[in-house]
Amino acid sequence: MNKKDLFIGFVLGLIACFFGIFLFIAFFTDLDFMSGIQSMKSEGKLSKLITLGAILDLVVFGILLKMNKEIMARGVVLAVIMLTIVTLFL
């Protein structure tokens, strides 16, 4: 197994999640990014926000499988597992 491809997939998964969080805050709130994060955290909805951001990981996973990059797709799955664990403890 190529660890570099696994790491690249992991980073792509995290970037896709944070991009999803950014898009959700930009389109569905009137706040900027940092104040939106702080507002969601104070309301106790930060874990829900992370979950919504992780939806874009499905898109990245599908694209990587179409391109026959199975190891990178495993990295995306690893990022989703890590985000799930983080979400459980928030």
# chains A, B, ... in the order shown; residues from 1 in each chain; ligands from 1
$ residues_around --residues "region 35-42 of chain A" --least-positions-apart "5" --cutoff "12 Å" --atoms "only C-alpha atoms" --output "count of residues only"
16
$ closest_residue --among "A:Val86, A:Ile81, A:Met34, A:Val76" --to "Leu58 (chain A)" --atoms "only C-alpha atoms"
A:Val76
$ residues_around --residues "Glu70 (chain A)" --least-positions-apart "3" --cutoff "10 Å" --atoms "only C-alpha atoms" --output "PyMOL selection string"
chain A and resi 5-6+9+61+64-67+73-76
$ write_last_selection --atoms "N, CA, C and O atoms" --output "tab-separated table (two decimals), in the first residue's frame"
chain	number	residue	atom	x	y	z
A	5	ASP	N	-0.27	8.01	-1.12
A	5	ASP	CA	-1.62	8.12	-1.69
A	5	ASP	C	-2.68	8.10	-0.60
A	5	ASP	O	-3.68	8.80	-0.69
A	6	LEU	N	-2.46	7.28	0.42
A	6	LEU	CA	-3.39	7.22	1.54
A	6	LEU	C	-3.45	8.57	2.26
A	6	LEU	O	-4.53	9.07	2.59
A	9	GLY	N	-5.31	11.12	0.11
A	9	GLY	CA	-6.75	10.90	0.22
A	9	GLY	C	-7.30	11.41	1.54
A	9	GLY	O	-8.39	11.98	1.59
A	61	PHE	N	-15.00	10.78	-2.83
A	61	PHE	CA	-14.85	9.33	-2.84
A	61	PHE	C	-15.26	8.76	-4.19
A	61	PHE	O	-14.56	7.93	-4.78
A	64	LEU	N	-12.72	9.68	-6.94
A	64	LEU	CA	-11.49	8.90	-6.83
A	64	LEU	C	-11.69	7.47	-7.29
A	64	LEU	O	-10.79	6.87	-7.91
A	65	LEU	N	-12.85	6.89	-7.02
A	65	LEU	CA	-13.11	5.54	-7.51
A	65	LEU	C	-13.25	5.51	-9.02
A	65	LEU	O	-12.82	4.55	-9.67
A	66	LYS	N	-13.86	6.54	-9.61
A	66	LYS	CA	-13.97	6.62	-11.07
A	66	LYS	C	-12.59	6.70	-11.74
A	66	LYS	O	-12.39	6.19	-12.83
A	67	MET	N	-11.65	7.36	-11.04
A	67	MET	CA	-10.29	7.54	-11.57
A	67	MET	C	-9.38	6.35	-11.21
A	67	MET	O	-8.19	6.41	-11.48
A	73	ALA	N	-9.02	6.76	-2.18
A	73	ALA	CA	-10.40	6.63	-1.70
A	73	ALA	C	-10.41	6.06	-0.29
A	73	ALA	O	-11.23	6.45	0.54
A	74	ARG	N	-9.48	5.15	0.01
A	74	ARG	CA	-9.37	4.64	1.38
A	74	ARG	C	-8.98	5.76	2.34
A	74	ARG	O	-9.43	5.78	3.48
A	75	GLY	N	-8.15	6.68	1.89
A	75	GLY	CA	-7.78	7.82	2.72
A	75	GLY	C	-8.98	8.71	3.02
A	75	GLY	O	-9.11	9.23	4.13
A	76	VAL	N	-9.87	8.86	2.05
A	76	VAL	CA	-11.08	9.64	2.28
A	76	VAL	C	-11.96	8.95	3.32
A	76	VAL	O	-12.52	9.60	4.21
$ atom_distance --atom1 "CA of Ile8 (chain A)" --atom2 "CA of Asn68 (chain A)"
14.5 Å
$ residues_around --residues "Gly20 (chain A)" --least-positions-apart "4" --cutoff "8 Å" --atoms "only C-alpha atoms" --output "list of chain:residue names"
A:Ala16, A:Phe24, A:Leu52, A:Gly53, A:Ala54, A:Ile55, A:Leu56
$ write_last_selection --atoms "all heavy atoms" --output "PDB file, in the first residue's frame"
ATOM      1  N   ALA A  16     -12.313  18.566   1.747  1.00  0.00           N
ATOM      2  CA  ALA A  16     -13.685  18.534   1.251  1.00  0.00           C
ATOM      3  C   ALA A  16     -14.673  18.818   2.376  1.00  0.00           C
ATOM      4  O   ALA A  16     -15.656  19.539   2.180  1.00  0.00           O
ATOM      5  CB  ALA A  16     -13.989  17.184   0.609  1.00  0.00           C
ATOM      6  N   PHE A  24     -21.788  25.741   3.578  1.00  0.00           N
ATOM      7  CA  PHE A  24     -23.012  25.802   4.376  1.00  0.00           C
ATOM      8  C   PHE A  24     -23.126  27.134   5.106  1.00  0.00           C
ATOM      9  O   PHE A  24     -24.193  27.755   5.101  1.00  0.00           O
ATOM     10  CB  PHE A  24     -23.059  24.649   5.384  1.00  0.00           C
ATOM     11  CG  PHE A  24     -24.295  24.662   6.221  1.00  0.00           C
ATOM     12  CD1 PHE A  24     -25.487  24.167   5.711  1.00  0.00           C
ATOM     13  CD2 PHE A  24     -24.290  25.202   7.498  1.00  0.00           C
ATOM     14  CE1 PHE A  24     -26.646  24.191   6.463  1.00  0.00           C
ATOM     15  CE2 PHE A  24     -25.439  25.227   8.258  1.00  0.00           C
ATOM     16  CZ  PHE A  24     -26.621  24.722   7.740  1.00  0.00           C
ATOM     17  N   LEU A  52     -22.700  17.792   8.136  1.00  0.00           N
ATOM     18  CA  LEU A  52     -23.142  18.336   6.853  1.00  0.00           C
ATOM     19  C   LEU A  52     -21.968  18.595   5.919  1.00  0.00           C
ATOM     20  O   LEU A  52     -22.069  18.403   4.711  1.00  0.00           O
ATOM     21  CB  LEU A  52     -23.931  19.629   7.070  1.00  0.00           C
ATOM     22  CG  LEU A  52     -25.343  19.464   7.598  1.00  0.00           C
ATOM     23  CD1 LEU A  52     -25.918  20.829   7.943  1.00  0.00           C
ATOM     24  CD2 LEU A  52     -26.206  18.761   6.583  1.00  0.00           C
ATOM     25  N   GLY A  53     -20.849  19.030   6.479  1.00  0.00           N
ATOM     26  CA  GLY A  53     -19.666  19.260   5.655  1.00  0.00           C
ATOM     27  C   GLY A  53     -19.095  17.985   5.092  1.00  0.00           C
ATOM     28  O   GLY A  53     -18.510  17.972   4.001  1.00  0.00           O
ATOM     29  N   ALA A  54     -19.280  16.878   5.797  1.00  0.00           N
ATOM     30  CA  ALA A  54     -18.722  15.599   5.353  1.00  0.00           C
ATOM     31  C   ALA A  54     -19.479  15.012   4.168  1.00  0.00           C
ATOM     32  O   ALA A  54     -19.014  14.032   3.573  1.00  0.00           O
ATOM     33  CB  ALA A  54     -18.704  14.616   6.506  1.00  0.00           C
ATOM     34  N   ILE A  55     -20.593  15.594   3.798  1.00  0.00           N
ATOM     35  CA  ILE A  55     -21.336  15.096   2.636  1.00  0.00           C
ATOM     36  C   ILE A  55     -20.496  15.230   1.366  1.00  0.00           C
ATOM     37  O   ILE A  55     -20.557  14.375   0.477  1.00  0.00           O
ATOM     38  CB  ILE A  55     -22.683  15.830   2.503  1.00  0.00           C
ATOM     39  CG1 ILE A  55     -23.589  15.431   3.660  1.00  0.00           C
ATOM     40  CG2 ILE A  55     -23.360  15.529   1.181  1.00  0.00           C
ATOM     41  CD1 ILE A  55     -24.880  16.193   3.732  1.00  0.00           C
ATOM     42  N   LEU A  56     -19.677  16.254   1.285  1.00  0.00           N
ATOM     43  CA  LEU A  56     -18.827  16.416   0.099  1.00  0.00           C
ATOM     44  C   LEU A  56     -17.778  15.317  -0.009  1.00  0.00           C
ATOM     45  O   LEU A  56     -17.229  15.092  -1.084  1.00  0.00           O
ATOM     46  CB  LEU A  56     -18.151  17.785   0.109  1.00  0.00           C
ATOM     47  CG  LEU A  56     -19.025  18.963  -0.278  1.00  0.00           C
ATOM     48  CD1 LEU A  56     -18.199  20.236  -0.296  1.00  0.00           C
ATOM     49  CD2 LEU A  56     -19.674  18.755  -1.608  1.00  0.00           C
TER      50      LEU A  56
END
